[in-house]
>>> print(open('start_3.cif').read())   # mmCIF, C-alpha atoms
data_upload
loop_
_atom_site.label_atom_id
_atom_site.label_comp_id
_atom_site.auth_asym_id
_atom_site.auth_seq_id
_atom_site.Cartn_x
_atom_site.Cartn_y
_atom_site.Cartn_z
CA MET A 1 -46.94 -0.97 -46.32
CA ARG A 2 -48.55 -3.12 -43.65
CA LYS A 3 -46.25 -6.03 -44.55
CA LEU A 4 -43.21 -3.78 -44.31
CA PHE A 5 -44.34 -2.51 -40.87
CA SER A 6 -44.85 -6.10 -39.66
CA TYR A 7 -41.38 -7.07 -40.89
CA VAL A 8 -39.67 -4.13 -39.14
CA LEU A 9 -41.60 -4.82 -35.91
CA SER A 10 -40.58 -8.51 -35.99
CA LEU A 11 -36.96 -7.56 -36.63
CA CYS A 12 -36.93 -5.13 -33.68
CA LEU A 13 -38.40 -7.76 -31.37
CA LEU A 14 -35.84 -10.29 -32.54
CA VAL A 15 -32.91 -7.90 -31.98
CA GLY A 16 -34.26 -6.99 -28.55
CA LEU A 17 -34.59 -10.66 -27.64
CA PHE A 18 -31.01 -11.40 -28.64
CA GLY A 19 -29.78 -8.34 -26.78
CA PHE A 20 -31.66 -9.38 -23.66
CA ASN A 21 -30.37 -12.94 -23.81
CA GLY A 22 -26.84 -11.76 -24.48
CA GLY A 23 -26.92 -9.49 -21.45
CA THR A 24 -28.25 -12.29 -19.27
CA ALA A 25 -25.54 -14.64 -20.47
CA GLU A 26 -22.84 -12.05 -19.75
CA ALA A 27 -24.12 -11.40 -16.25
CA SER A 28 -24.52 -15.07 -15.39
CA SER A 29 -21.23 -16.30 -16.90
CA GLY A 30 -18.92 -14.51 -14.44
CA LEU A 31 -15.60 -15.89 -13.28
CA THR A 32 -14.91 -18.28 -10.42
CA ILE A 33 -11.38 -19.08 -9.28
CA LYS A 34 -9.75 -21.02 -6.46
CA ASP A 35 -6.88 -19.04 -4.98
CA SER A 36 -3.62 -20.27 -3.41
CA ALA A 37 -5.30 -20.61 0.00
CA GLY A 38 -7.97 -22.90 -1.45
CA ARG A 39 -10.62 -20.16 -1.24
CA THR A 40 -13.27 -19.89 -3.97
CA VAL A 41 -13.76 -16.31 -5.17
CA THR A 42 -16.38 -15.29 -7.75
CA PHE A 43 -16.48 -12.18 -9.94
CA ASP A 44 -19.18 -10.89 -12.29
CA ARG A 45 -16.51 -9.83 -14.75
CA THR A 46 -12.74 -9.43 -15.11
CA PRO A 47 -11.60 -7.11 -12.28
CA GLN A 48 -10.61 -3.63 -13.48
CA ARG A 49 -9.65 -1.78 -10.30
CA VAL A 50 -6.79 -3.72 -8.72
CA VAL A 51 -4.98 -3.20 -5.41
CA VAL A 52 -1.85 -5.28 -4.76
CA LEU A 53 -0.06 -5.66 -1.42
CA SER A 54 3.24 -7.40 -2.22
CA PRO A 55 6.10 -6.37 -4.55
CA GLY A 56 6.31 -9.86 -6.09
CA ASP A 57 2.67 -9.84 -7.18
CA LEU A 58 3.13 -6.28 -8.46
CA HIS A 59 6.01 -7.49 -10.68
CA THR A 60 3.79 -10.28 -11.98
CA LEU A 61 0.86 -7.98 -12.71
CA GLN A 62 3.16 -5.60 -14.58
CA ALA A 63 4.50 -8.49 -16.67
CA LEU A 64 0.93 -9.55 -17.46
CA GLY A 65 0.03 -6.00 -18.52
CA VAL A 66 -2.42 -5.40 -15.64
CA GLN A 67 -2.64 -1.85 -14.29
CA VAL A 68 -3.15 -1.25 -10.56
CA VAL A 69 -4.86 1.54 -8.60
CA GLY A 70 -3.02 0.74 -5.35
CA ARG A 71 0.46 -0.64 -4.70
CA PRO A 72 2.48 -1.88 -1.71
CA THR A 73 4.23 0.71 0.44
CA SER A 74 7.96 0.49 -0.18
CA ALA A 75 11.10 2.53 0.34
CA THR A 76 12.54 0.96 -2.82
CA PRO A 77 12.24 3.15 -5.96
CA VAL A 78 9.59 1.99 -8.45
CA ASP A 79 9.09 2.41 -12.18
CA ALA A 80 8.08 5.88 -13.32
CA SER A 81 4.70 4.46 -14.39
CA LEU A 82 3.94 3.51 -10.76
CA GLN A 83 5.12 6.63 -8.91
CA SER A 84 1.68 8.27 -8.99
CA VAL A 85 -0.12 5.09 -7.85
CA PRO A 86 -1.19 5.38 -4.17
CA GLN A 87 0.65 3.23 -1.61
CA VAL A 88 -1.61 1.07 0.57
CA GLY A 89 0.63 -0.61 3.15
CA ASN A 90 1.67 -4.25 2.87
CA ILE A 91 0.37 -7.75 3.64
CA HIS A 92 1.43 -7.43 7.29
CA GLN A 93 0.21 -3.85 7.83
CA PRO A 94 -2.45 -3.00 5.24
CA ASN A 95 -3.91 0.51 5.22
CA PHE A 96 -7.57 -0.53 5.03
CA GLU A 97 -8.86 3.04 5.00
CA LYS A 98 -6.78 3.80 1.90
CA ILE A 99 -7.64 0.48 0.25
CA VAL A 100 -11.40 0.98 0.69
CA SER A 101 -11.17 4.55 -0.63
CA LEU A 102 -9.77 3.20 -3.90
CA GLN A 103 -12.89 1.03 -4.41
CA PRO A 104 -11.01 -1.99 -5.77
CA ASP A 105 -12.70 -4.85 -7.60
CA VAL A 106 -10.03 -7.13 -6.10
CA VAL A 107 -7.17 -7.04 -3.61
CA ILE A 108 -4.20 -9.30 -4.45
CA ALA A 109 -2.24 -10.45 -1.39
CA GLY A 110 0.14 -13.21 -0.27
CA THR A 111 -0.65 -15.91 2.29
CA SER A 112 0.58 -13.74 5.19
CA PHE A 113 -2.55 -11.63 4.62
CA LEU A 114 -4.84 -14.48 5.72
CA GLY A 115 -4.95 -13.07 9.25
CA HIS A 116 -6.64 -9.96 7.83
CA ILE A 117 -9.19 -11.78 5.64
CA GLN A 118 -12.16 -11.43 8.00
CA LYS A 119 -11.64 -7.68 8.38
CA ALA A 120 -11.21 -7.31 4.62
CA GLN A 121 -14.46 -9.18 3.97
CA SER A 122 -16.30 -7.13 6.61
CA LEU A 123 -15.30 -4.05 4.61
CA GLY A 124 -16.73 -5.56 1.43
CA LEU A 125 -13.34 -6.29 -0.16
CA LYS A 126 -12.77 -9.26 -2.45
CA VAL A 127 -9.36 -10.79 -1.84
CA VAL A 128 -7.39 -13.26 -3.95
CA ILE A 129 -4.51 -14.97 -2.12
CA THR A 130 -1.29 -15.90 -3.93
CA SER A 131 1.67 -17.93 -2.67
CA GLY A 132 5.42 -17.62 -3.11
CA SER A 133 6.92 -20.23 -0.79
CA SER A 134 8.64 -22.02 -3.66
CA VAL A 135 9.39 -21.71 -7.35
CA ASN A 136 6.39 -23.93 -8.12
CA ASP A 137 4.16 -21.76 -5.91
CA ILE A 138 5.22 -18.70 -7.88
CA LYS A 139 4.45 -20.47 -11.16
CA SER A 140 0.99 -21.43 -9.86
CA SER A 141 0.34 -17.85 -8.72
CA ILE A 142 1.29 -16.50 -12.15
CA THR A 143 -1.16 -18.95 -13.74
CA LEU A 144 -3.83 -17.94 -11.21
CA LEU A 145 -3.44 -14.23 -11.96
CA GLY A 146 -3.39 -14.97 -15.68
CA LYS A 147 -6.80 -16.63 -15.35
CA LEU A 148 -8.21 -13.87 -13.13
CA PHE A 149 -7.26 -11.08 -15.53
CA ASN A 150 -7.89 -12.94 -18.79
CA LYS A 151 -4.17 -13.09 -19.54
CA ALA A 152 -3.76 -16.87 -19.61
CA GLN A 153 -1.52 -16.93 -22.68
CA LYS A 154 0.85 -14.31 -21.27
CA ALA A 155 0.99 -16.24 -17.99
CA LYS A 156 1.86 -19.42 -19.87
CA VAL A 157 4.80 -17.68 -21.57
CA LEU A 158 6.08 -16.34 -18.22
CA VAL A 159 5.86 -19.77 -16.59
CA GLY A 160 7.69 -21.25 -19.58
CA LYS A 161 10.60 -18.84 -19.03
CA ILE A 162 10.88 -19.98 -15.40
CA ASP A 163 10.82 -23.64 -16.46
CA SER A 164 13.61 -22.96 -18.95
CA LYS A 165 15.81 -21.42 -16.23
CA VAL A 166 15.24 -24.32 -13.84
CA LYS A 167 15.96 -26.85 -16.58
CA LYS A 168 19.16 -25.01 -17.49
CA TYR A 169 20.54 -24.96 -13.94
CA ASN A 170 19.47 -28.52 -13.16
CA LYS A 171 22.04 -29.68 -15.69
CA THR A 172 24.97 -28.10 -13.83
CA LYS A 173 25.18 -29.04 -10.15
CA THR A 174 27.84 -26.83 -8.58
CA LYS A 175 28.46 -29.12 -5.56
CA VAL A 176 28.88 -25.97 -3.47
CA ARG A 177 27.73 -26.53 0.12
CA ALA A 178 25.84 -23.51 1.44
CA VAL A 179 23.87 -22.15 4.37
CA ILE A 180 21.36 -19.30 4.14
CA LEU A 181 20.86 -17.05 7.16
CA PHE A 182 17.82 -14.79 7.34
CA GLY A 183 17.64 -12.01 9.92
CA SER A 184 20.09 -10.21 12.11
CA GLY A 185 23.11 -11.48 14.06
CA ALA A 186 22.63 -14.31 16.53
CA SER A 187 18.83 -14.03 16.24
CA SER A 188 18.92 -15.13 12.59
CA LEU A 189 17.02 -18.10 11.23
CA VAL A 190 18.40 -20.75 8.89
CA ALA A 191 16.59 -21.33 5.59
CA LEU A 192 15.60 -24.95 4.95
CA PRO A 193 15.17 -26.47 1.47
CA THR A 194 11.40 -25.99 1.93
CA SER A 195 11.76 -22.19 2.19
CA PHE A 196 11.61 -19.93 -0.85
CA SER A 197 15.33 -19.05 -0.75
CA GLY A 198 16.22 -22.67 0.00
CA ASP A 199 14.28 -23.79 -3.05
CA VAL A 200 16.10 -21.23 -5.21
CA LEU A 201 19.43 -22.49 -3.84
CA ALA A 202 18.60 -26.08 -4.79
CA LYS A 203 17.26 -25.20 -8.23
CA ALA A 204 20.29 -22.99 -8.96
CA GLY A 205 22.64 -25.92 -8.30
CA GLY A 206 23.65 -25.56 -4.65
CA GLU A 207 23.59 -27.95 -1.67
CA ASN A 208 21.89 -26.83 1.55
CA ILE A 209 23.74 -28.02 4.69
CA ALA A 210 20.58 -27.33 6.76
CA ALA A 211 18.54 -30.00 5.00
CA SER A 212 18.28 -32.05 8.22
CA PHE A 213 17.61 -29.11 10.59
CA SER A 214 14.26 -29.13 12.43
CA GLN A 215 11.61 -26.76 11.09
CA LEU A 216 10.14 -24.14 13.41
CA LYS A 217 6.39 -24.36 14.00
CA ASP A 218 5.83 -20.60 13.74
CA TYR A 219 8.18 -20.12 10.77
CA PRO A 220 7.63 -22.89 8.20
CA GLY A 221 10.70 -23.38 6.02
CA TYR A 222 13.12 -22.10 8.68
CA ALA A 223 15.10 -23.47 11.63
CA ASN A 224 16.76 -21.90 14.65
CA LEU A 225 20.35 -20.82 14.17
CA SER A 226 22.60 -23.61 15.49
CA THR A 227 26.20 -22.38 15.51
CA GLU A 228 27.43 -25.84 16.53
CA ARG A 229 25.79 -27.60 13.58
CA ILE A 230 26.98 -24.99 11.09
CA ILE A 231 30.55 -25.27 12.42
CA ALA A 232 30.32 -29.07 12.15
CA SER A 233 29.10 -28.79 8.53
CA ASN A 234 31.68 -26.10 7.63
CA PRO A 235 29.91 -24.72 4.51
CA ASP A 236 31.72 -23.40 1.44
CA VAL A 237 29.57 -20.27 1.41
CA ILE A 238 27.31 -18.36 3.80
CA PHE A 239 24.45 -16.50 2.15
CA ILE A 240 22.74 -13.78 4.19
CA ILE A 241 19.34 -12.19 3.64
CA THR A 242 18.72 -9.02 5.61
CA HIS A 243 15.39 -7.45 6.50
CA ALA A 244 14.06 -4.24 8.07
CA ASN A 245 17.01 -1.88 8.64
CA HIS A 246 19.50 -3.29 6.12
CA ALA A 247 22.51 -1.24 7.26
CA GLU A 248 22.08 -2.21 10.93
CA THR A 249 21.37 -5.84 10.06
CA LYS A 250 24.44 -6.07 7.85
CA LYS A 251 26.58 -4.59 10.63
CA ALA A 252 25.26 -7.18 13.11
CA MET A 253 25.95 -10.06 10.70
CA ILE A 254 29.52 -8.90 10.03
CA LYS A 255 30.07 -8.73 13.79
CA LEU A 256 28.76 -12.29 14.15
CA MET A 257 31.15 -13.56 11.46
CA SER A 258 34.10 -12.03 13.35
CA THR A 259 33.46 -14.00 16.54
CA SER A 260 35.72 -16.93 17.42
CA SER A 261 33.00 -19.48 16.63
CA TRP A 262 32.55 -18.29 13.05
CA ARG A 263 35.83 -16.79 11.84
CA ASN A 264 37.53 -20.16 11.34
CA LEU A 265 34.81 -21.45 9.07
CA LYS A 266 35.91 -22.18 5.52
CA ALA A 267 33.35 -19.73 4.10
CA VAL A 268 34.53 -16.88 6.35
CA LYS A 269 38.25 -17.49 5.82
CA ASN A 270 37.78 -17.62 2.04
CA LYS A 271 35.62 -14.49 2.10
CA ASN A 272 32.60 -16.35 0.83
CA VAL A 273 30.07 -14.52 3.01
CA ILE A 274 27.57 -13.12 0.54
CA PHE A 275 24.66 -10.72 1.16
CA LEU A 276 21.79 -11.54 -1.18
CA PRO A 277 19.59 -8.71 -2.55
CA SER A 278 16.49 -8.48 -0.34
CA GLU A 279 14.22 -7.55 -3.25
CA LEU A 280 14.93 -10.97 -4.81
CA PHE A 281 15.28 -13.20 -1.75
CA ALA A 282 13.53 -11.79 1.35
CA ALA A 283 10.15 -12.69 -0.13
CA SER A 284 8.70 -13.95 -3.38
CA PRO A 285 9.79 -11.67 -6.26
CA GLY A 286 7.02 -12.95 -8.55
CA VAL A 287 8.11 -13.18 -12.19
CA LYS A 288 11.54 -11.87 -11.15
CA ILE A 289 12.22 -15.36 -9.80
CA THR A 290 14.25 -15.79 -13.00
CA ASN A 291 16.54 -12.99 -11.77
CA ALA A 292 16.87 -14.70 -8.38
CA LEU A 293 17.85 -18.00 -10.03
CA ASP A 294 20.42 -16.22 -12.21
CA HIS A 295 21.88 -14.36 -9.24
CA MET A 296 22.15 -17.45 -7.05
CA ASN A 297 23.75 -19.56 -9.77
CA LYS A 298 26.25 -16.80 -10.56
CA GLU A 299 27.32 -16.58 -6.89
CA LEU A 300 27.60 -20.38 -6.59
CA LEU A 301 29.84 -20.54 -9.66
CA LYS A 302 32.08 -17.80 -8.21
CA VAL A 303 32.51 -19.84 -5.02
CA ARG A 304 33.22 -23.02 -7.00
CA ALA A 305 35.89 -21.21 -9.03
CA LYS A 306 37.61 -20.16 -5.79
CA MET A 307 37.44 -23.72 -4.49
CA LYS A 308 39.32 -25.01 -7.54
CA LYS A 309 42.28 -22.67 -7.05
#
>>> encode(input="start_3.cif", output="structure tokens")
Amino acid sequence: MRKLFSYVLSLCLLVGLFGFNGGTAEASSGLTIKDSAGRTVTFDRTPQRVVVLSPGDLHTLQALGVQVVGRPTSATPVDASLQSVPQVGNIHQPNFEKIVSLQPDVVIAGTSFLGHIQKAQSLGLKVVITSGSSVNDIKSSITLLGKLFNKAQKAKVLVGKIDSKVKKYNKTKTKVRAVILFGSGASSLVALPTSFSGDVLAKAGGENIAASFSQLKDYPGYANLSTERIIASNPDVIFIITHANHAETKKAMIKLMSTSSWRNLKAVKNKNVIFLPSELFAASPGVKITNALDHMNKELLKVRAKMKK
């Protein structure tokens, strides 16, 4: 009986020791990542309560199977599964009171949120910054979020789909010369190849006539609108990305195209002035970058078909 008691006591001590060590290992293992802004962020465990501030990152999280407790404020309809999720502002105008009330383990935001980092940290929020300035940036951000949420394999599959699209369109250069305008009327900016939309244009098989334009200091990837240079280049197509009030912006752009300086351009005369969907081109669409590549290539091929007639 005494031997049996000693055996049971030893077994209990052994189990307790393993349990204690296991708990220590779990607490000390944690997760450390370097985000797209080069910031090191450490977590005790995989974040469960997630707030996201940009539509592109929301698309990526959905594709990875990550649920969120807070989503970006948007007038655009969302999936039924997201309608009950509280809206928390966006990367430019975050609703910190709402965000804090949701007690997130992590806030996912694009690089434009960097100006709010100090305030976020003062409120005890952990922020992970993503980037969407190019197709490669989007791929890196998908990989980053895959690591953060223990979805690395899913992230790898999503990145592979993007690579397949790029490889497909790299084989068929359309030789269509294009310019991308972002904004409203004469105050628009011109997208350079280093911008997100400019990168999509190049990877979808188009040629950007603004490749030699000078980049603006305050708006990396964009140049001032130079009517003279655009007239001199005479593009085959003019792509337009609207923002803010889309109806008013579209009206202003149509008015600009009707002025004497623009109406004799090849693109205007051939009715190749194309408004791109803002949800795919105004900012990074996350995993929906494949849709943006498809859309751009389709429009370029339409223009090329017209040119051959």
>>> axis_aligned_box(input="start_3.cif", around="range 97-101 of chain A", padding_each_side="5 Å", output="JSON")
{"center_x": -9.1, "center_y": 2.5, "center_z": 2.2, "size_x": 14.6, "size_y": 14.1, "size_z": 15.6}
>>> closest_residue(input="start_3.cif", among="A:Pro104, A:Pro72, A:Pro193, A:Pro285", to="Ser141 in chain A", atoms="all atoms listed in the file")
A:Pro285
>>> residues_around(input="start_3.cif", residues="Ile129 in chain A", least_positions_apart="3", cutoff="6 Å", atoms="only C-alpha atoms", output="MDAnalysis selection string")
chainID A and resid 35:36 109:111
>>> residues_around(input="start_3.cif", residues="Asp137 in chain A", least_positions_apart="3", cutoff="12 Å", atoms="all atoms listed in the file", output="PyMOL selection string")
chain A and resi 35-37+110-111+129-134+140-144+159+162+194-196+199-200+284-287+289
>>> residues_near_point(input="start_3.cif", point="(26.3, -25.8, -5.6)", cutoff="6 Å", atoms="all atoms listed in the file", output="JSON, numbers by chain")
{"A": [173, 174, 175, 176, 177, 205, 206, 207, 300]}
>>> residues_around(input="start_3.cif", residues="Ser212 in chain A", least_positions_apart="2", cutoff="10 Å", atoms="all atoms listed in the file", output="list in words")
Leu192, Pro193, Asn208, Ile209, Ala210, Ser214, Gln215 and Ala223 of chain A
>>> closest_residue(input="start_3.cif", among="A:Gly160, A:Leu148, A:Met296, A:Ile117", to="Lys203 in chain A", atoms="only C-alpha atoms")
A:Met296
>>> residues_around(input="start_3.cif", residues="Lys147 in chain A", least_positions_apart="4", cutoff="12 Å", atoms="only C-alpha atoms", output="ChimeraX atom specification")
/A:31-35,43,45-47,61,64,128,140-143,151-156
